[in-house]
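Comments concern the structure below.
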Amino acid sequence: MSRLALAPPDRGVLFVVSGPSGVGKSTLLKAALARIPGLSFSVSATTRDPRAGEADGVDYHFVARERFLALVEEGAFLEHAEVYDRFYGTLRAPTEAALARGDSLILDIDVQGARQVRARMPEAVHVMIVPPDIGSLEARLRARATDSDAVIAGRMAKLAGQLGAVGEFDYVVMNDDLEAAHACFQGIMLAEMSRRDRRASWVARFAPLASH
Ligand code: 5GP
């Protein structure tokens, strides 16, 4: 699908997108980022090692544990959380700068982080991506033969914890049919970008007609 010729809103929208691993979140995110102008991916800081194909500053800012903890002390994070024994966090300054410029951002974060963003930035829009059923995700976790039972049990608990928080989200997208999921996900973003309070300049263009 081609990039839309759409003017970005006057005020950027902060989209928090959560969902269990293996649900297809990154496929939905990539398509939305390619299609919707003025929308960028928020690059988190993490203490985990880069995976093959991941680039520093693009997928994550890869930092040492000591550096991460120093940033926590400085109050540099909008939110941060420990996931699978690794730290992840969203840096406050680039997030605020993007929104002030009118750019919208996608934060791909877990539900612990989503709660912190909800408390600190109530205007953020929260979207949860869910699978049609939990069984297929569990089967995928179990199929990784290299993981010990304890590791698998930990991942399953995490999965349940993520999906169990769905009631806290503004929107829910089920990744059953991929085309439908893309349409719903992008539809949510486009609708939020079309809210009148984010389109003050368009409204002002026609405000003089209000008395007619
Ligand atoms: P992965 O290591 O597979 O890239 O990500 C593991 C989990 O960490 C995913 O659920 C992802 O959403 C979450 N995550 C990634 N970045 C952040 C972040 O900045 N903050 C929080 N709270 N979670 C994050």
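Labels used: A, B, ... for chains in the order of the structure tokens, numbers from 1 for residues in each chain, and numbers from 1 for ligands as shown.
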
May I have the residues within 9 Å of ligand 1, computed using only C-alpha atoms and all ligand atoms, as a PyMOL selection string? chain A and resi 17-21+25+42-46+48-51+59-60+77-84+86-91+107-116+162

Those in region 42-176 of chain A with alpha helix (DSSP H) from DSSP, as a PyMOL selection string: chain A and resi 65-74+92-101+111-120+134-143+149-163

Save the residues we just selected, C-alpha atoms, as an mmCIF file, in the first residue's frame?
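And here is the file that came out, selection_33.cif:
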```
data_model
loop_
_atom_site.group_PDB
_atom_site.id
_atom_site.type_symbol
_atom_site.label_atom_id
_atom_site.label_comp_id
_atom_site.auth_asym_id
_atom_site.auth_seq_id
_atom_site.Cartn_x
_atom_site.Cartn_y
_atom_site.Cartn_z
ATOM 1 C CA ARG A 65 23.161 -1.875 32.624
ATOM 2 C CA GLU A 66 25.111 0.795 34.554
ATOM 3 C CA ARG A 67 24.297 3.409 31.929
ATOM 4 C CA PHE A 68 20.624 2.458 31.997
ATOM 5 C CA LEU A 69 20.444 2.736 35.778
ATOM 6 C CA ALA A 70 22.179 6.135 35.637
ATOM 7 C CA LEU A 71 19.536 7.313 33.160
ATOM 8 C CA VAL A 72 16.811 6.092 35.549
ATOM 9 C CA GLU A 73 18.436 8.136 38.339
ATOM 10 C CA GLU A 74 18.514 11.225 36.120
ATOM 11 C CA ARG A 92 11.531 11.356 27.741
ATOM 12 C CA ALA A 93 13.345 14.117 25.816
ATOM 13 C CA PRO A 94 13.056 12.745 22.241
ATOM 14 C CA THR A 95 9.437 11.771 22.904
ATOM 15 C CA GLU A 96 8.461 15.247 24.048
ATOM 16 C CA ALA A 97 10.440 16.893 21.226
ATOM 17 C CA ALA A 98 8.685 14.773 18.577
ATOM 18 C CA LEU A 99 5.208 15.548 19.910
ATOM 19 C CA ALA A 100 5.991 19.264 20.170
ATOM 20 C CA ARG A 101 7.035 19.252 16.490
ATOM 21 C CA VAL A 111 1.884 -3.353 29.774
ATOM 22 C CA GLN A 112 4.013 -2.239 32.753
ATOM 23 C CA GLY A 113 5.332 0.615 30.619
ATOM 24 C CA ALA A 114 1.879 1.329 29.181
ATOM 25 C CA ARG A 115 0.572 1.895 32.725
ATOM 26 C CA GLN A 116 3.310 4.431 33.439
ATOM 27 C CA VAL A 117 2.587 6.315 30.201
ATOM 28 C CA ARG A 118 -1.146 6.336 31.019
ATOM 29 C CA ALA A 119 -0.402 7.933 34.385
ATOM 30 C CA ARG A 120 2.030 10.521 33.002
ATOM 31 C CA ILE A 134 -3.745 -18.103 23.269
ATOM 32 C CA GLY A 135 -3.039 -21.710 22.212
ATOM 33 C CA SER A 136 -1.096 -20.886 19.048
ATOM 34 C CA LEU A 137 1.263 -18.530 20.899
ATOM 35 C CA GLU A 138 1.847 -21.117 23.627
ATOM 36 C CA ALA A 139 2.637 -23.781 21.024
ATOM 37 C CA ARG A 140 5.211 -21.474 19.442
ATOM 38 C CA LEU A 141 6.921 -20.885 22.798
ATOM 39 C CA ARG A 142 7.018 -24.619 23.526
ATOM 40 C CA ALA A 143 8.419 -25.377 20.069
ATOM 41 C CA ASP A 149 10.755 -25.628 31.298
ATOM 42 C CA ALA A 150 11.359 -22.789 33.747
ATOM 43 C CA VAL A 151 12.052 -20.340 30.930
ATOM 44 C CA ILE A 152 8.933 -21.490 29.073
ATOM 45 C CA ALA A 153 6.827 -21.178 32.244
ATOM 46 C CA GLY A 154 8.158 -17.647 32.719
ATOM 47 C CA ARG A 155 7.264 -16.703 29.144
ATOM 48 C CA MET A 156 3.770 -18.179 29.503
ATOM 49 C CA ALA A 157 3.185 -16.177 32.685
ATOM 50 C CA LYS A 158 4.350 -13.044 30.861
ATOM 51 C CA LEU A 159 1.999 -13.818 27.972
ATOM 52 C CA ALA A 160 -0.969 -14.172 30.308
ATOM 53 C CA GLY A 161 0.040 -10.958 32.107
ATOM 54 C CA GLN A 162 0.121 -9.007 28.825
ATOM 55 C CA LEU A 163 -3.188 -10.338 27.490
#
```

Taking a cut-off of 12 Å and counting only C-alpha atoms, can you build a table that, for each residue of region 10-58 of chain A near region 191-197 of chain A, reports the nearest atom pair and how far apart they are in Å (one decimal), sorted by chain then residue number, as CSV?
```
residue,atom,partner,partner_atom,distance
A:Asp10,CA,A:Asp197,CA,8.7
A:Arg11,CA,A:Asp197,CA,8.5
A:Gly12,CA,A:Met193,CA,7.9
A:Val13,CA,A:Met193,CA,6.9
A:Leu14,CA,A:Glu192,CA,9.9
A:Phe15,CA,A:Glu192,CA,9.5
A:Ile36,CA,A:Met193,CA,10.2
A:Pro37,CA,A:Met193,CA,10.7
A:Gly38,CA,A:Met193,CA,10.1
A:Leu39,CA,A:Met193,CA,10.2
```

Next, dump the selected residues to file, keeping only all heavy atoms, as a compact mmCIF listing (two decimals), in the first residue's frame.
```txt
# COMPACT_ATOMS: atom_id res chain seq x y z
N ASP A 10 -1.81 18.97 13.85
CA ASP A 10 -1.08 20.08 14.50
C ASP A 10 -0.32 19.58 15.72
O ASP A 10 0.75 20.07 16.04
CB ASP A 10 -2.06 21.17 14.95
CG ASP A 10 -2.90 21.66 13.80
OD1 ASP A 10 -2.33 22.09 12.79
OD2 ASP A 10 -4.15 21.57 13.90
N ARG A 11 -0.94 18.66 16.40
CA ARG A 11 -0.29 18.09 17.58
C ARG A 11 -0.09 16.61 17.35
O ARG A 11 -1.01 15.91 16.91
CB ARG A 11 -1.17 18.30 18.82
CG ARG A 11 -1.26 19.77 19.22
CD ARG A 11 -1.74 19.94 20.65
NE ARG A 11 -3.08 19.42 20.86
CZ ARG A 11 -3.38 18.50 21.75
NH1 ARG A 11 -2.44 17.96 22.51
NH2 ARG A 11 -4.61 18.07 21.90
N GLY A 12 1.12 16.14 17.63
CA GLY A 12 1.41 14.73 17.43
C GLY A 12 0.62 13.85 18.39
O GLY A 12 0.21 14.29 19.46
N VAL A 13 0.39 12.62 17.98
CA VAL A 13 -0.32 11.65 18.82
C VAL A 13 0.69 10.62 19.33
O VAL A 13 1.53 10.15 18.57
CB VAL A 13 -1.43 10.91 18.04
CG1 VAL A 13 -2.34 10.14 19.00
CG2 VAL A 13 -2.23 11.85 17.17
N LEU A 14 0.58 10.30 20.60
CA LEU A 14 1.44 9.27 21.19
C LEU A 14 0.64 7.96 21.21
O LEU A 14 -0.35 7.86 21.93
CB LEU A 14 1.83 9.69 22.61
CG LEU A 14 2.87 8.83 23.31
CD1 LEU A 14 4.19 8.87 22.55
CD2 LEU A 14 3.08 9.31 24.74
N PHE A 15 1.06 7.01 20.38
CA PHE A 15 0.39 5.71 20.33
C PHE A 15 1.21 4.70 21.11
O PHE A 15 2.39 4.48 20.82
CB PHE A 15 0.26 5.22 18.88
CG PHE A 15 -0.67 6.03 18.03
CD1 PHE A 15 -0.16 6.92 17.09
CD2 PHE A 15 -2.05 5.91 18.18
CE1 PHE A 15 -1.01 7.68 16.30
CE2 PHE A 15 -2.90 6.67 17.39
CZ PHE A 15 -2.39 7.56 16.45
N ILE A 36 1.64 5.94 6.80
CA ILE A 36 1.09 7.15 7.41
C ILE A 36 2.20 8.18 7.62
O ILE A 36 3.15 7.95 8.37
CB ILE A 36 0.40 6.80 8.75
CG1 ILE A 36 -0.71 5.78 8.51
CG2 ILE A 36 -0.15 8.06 9.42
CD1 ILE A 36 -1.40 5.26 9.76
N PRO A 37 2.11 9.34 6.97
CA PRO A 37 3.14 10.37 7.13
C PRO A 37 3.13 10.96 8.55
O PRO A 37 2.09 10.97 9.21
CB PRO A 37 2.76 11.44 6.11
CG PRO A 37 1.65 10.89 5.30
CD PRO A 37 1.03 9.78 6.07
N GLY A 38 4.28 11.45 8.97
CA GLY A 38 4.36 12.12 10.27
C GLY A 38 4.30 11.17 11.44
O GLY A 38 4.06 11.58 12.58
N LEU A 39 4.50 9.89 11.16
CA LEU A 39 4.45 8.87 12.22
C LEU A 39 5.82 8.20 12.30
O LEU A 39 6.35 7.76 11.28
CB LEU A 39 3.38 7.83 11.85
CG LEU A 39 3.12 6.68 12.81
CD1 LEU A 39 2.53 7.18 14.13
CD2 LEU A 39 2.14 5.67 12.17
```

Here is a test: counting only C-alpha atoms, which residue of A:Ala181, A:Leu4, A:Val16, A:Ala165 is nearest to Leu105 (chain A)?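 Closest residue, counting only C-alpha atoms: A:Val16.
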
Among the residues A:Leu209, A:Val173, A:Leu28, A:Gly164, the one that comes closest to Met128 (chain A) [using only C-alpha atoms]: A:Val173

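Checking A:Asp170, A:Ala52, A:Arg35, A:Val23 one by one against Glu123 (chain A), counting only C-alpha atoms, you find the shortest gap at A:Asp170.
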
Picked from region 6-208 of chain A by DSSP as strand (DSSP E or B), as an mmCIF file with C-alpha atoms, in the first residue's frame:
```
data_model
loop_
_atom_site.group_PDB
_atom_site.id
_atom_site.type_symbol
_atom_site.label_atom_id
_atom_site.label_comp_id
_atom_site.auth_asym_id
_atom_site.auth_seq_id
_atom_site.Cartn_x
_atom_site.Cartn_y
_atom_site.Cartn_z
ATOM 1 C CA LEU A 14 1.440 9.269 21.188
ATOM 2 C CA PHE A 15 0.392 5.714 20.329
ATOM 3 C CA VAL A 16 1.203 3.019 22.868
ATOM 4 C CA VAL A 17 1.096 -0.397 21.220
ATOM 5 C CA SER A 18 1.345 -3.544 23.331
ATOM 6 C CA LEU A 39 4.446 8.870 12.217
ATOM 7 C CA SER A 40 7.705 7.480 13.632
ATOM 8 C CA PHE A 41 8.843 4.593 15.754
ATOM 9 C CA SER A 44 13.746 2.526 23.213
ATOM 10 C CA ALA A 45 16.872 2.052 25.283
ATOM 11 C CA THR A 46 17.563 -1.507 26.382
ATOM 12 C CA ASP A 56 21.940 0.515 17.333
ATOM 13 C CA TYR A 60 17.010 0.137 20.041
ATOM 14 C CA HIS A 61 19.645 2.210 21.780
ATOM 15 C CA PHE A 62 21.720 -0.646 23.187
ATOM 16 C CA PHE A 77 12.780 7.927 31.103
ATOM 17 C CA LEU A 78 9.114 8.568 30.407
ATOM 18 C CA GLU A 79 8.654 4.939 31.421
ATOM 19 C CA HIS A 80 10.846 1.927 31.978
ATOM 20 C CA ALA A 81 10.384 -1.699 32.913
ATOM 21 C CA GLU A 82 12.196 -4.954 33.409
ATOM 22 C CA VAL A 83 11.180 -7.577 30.851
ATOM 23 C CA ARG A 86 16.496 -6.974 30.826
ATOM 24 C CA PHE A 87 15.695 -3.283 31.175
ATOM 25 C CA TYR A 88 13.743 -1.383 28.544
ATOM 26 C CA GLY A 89 12.772 2.274 28.595
ATOM 27 C CA THR A 90 11.398 5.160 26.562
ATOM 28 C CA LEU A 91 13.506 8.305 26.717
ATOM 29 C CA SER A 104 3.276 11.227 16.063
ATOM 30 C CA LEU A 105 5.042 8.326 17.715
ATOM 31 C CA ILE A 106 4.509 4.619 18.174
ATOM 32 C CA LEU A 107 5.796 3.191 21.447
ATOM 33 C CA ASP A 108 6.104 -0.598 21.262
ATOM 34 C CA VAL A 125 -3.810 6.385 22.762
ATOM 35 C CA HIS A 126 -3.404 2.752 23.836
ATOM 36 C CA VAL A 127 -3.777 -0.124 21.395
ATOM 37 C CA MET A 128 -3.471 -3.814 22.309
ATOM 38 C CA ILE A 129 -2.800 -6.408 19.616
ATOM 39 C CA VAL A 130 -4.255 -9.808 20.513
ATOM 40 C CA TYR A 171 -8.498 -0.145 21.339
ATOM 41 C CA VAL A 172 -8.075 -3.832 20.674
ATOM 42 C CA VAL A 173 -6.958 -5.242 17.316
ATOM 43 C CA MET A 174 -7.191 -8.965 16.702
#
```

Calculate how many Å separate CA of Asn175 (chain A) from CA of Leu6 (chain A), rounding to one decimal.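 Those two atoms sit 25.8 Å apart.
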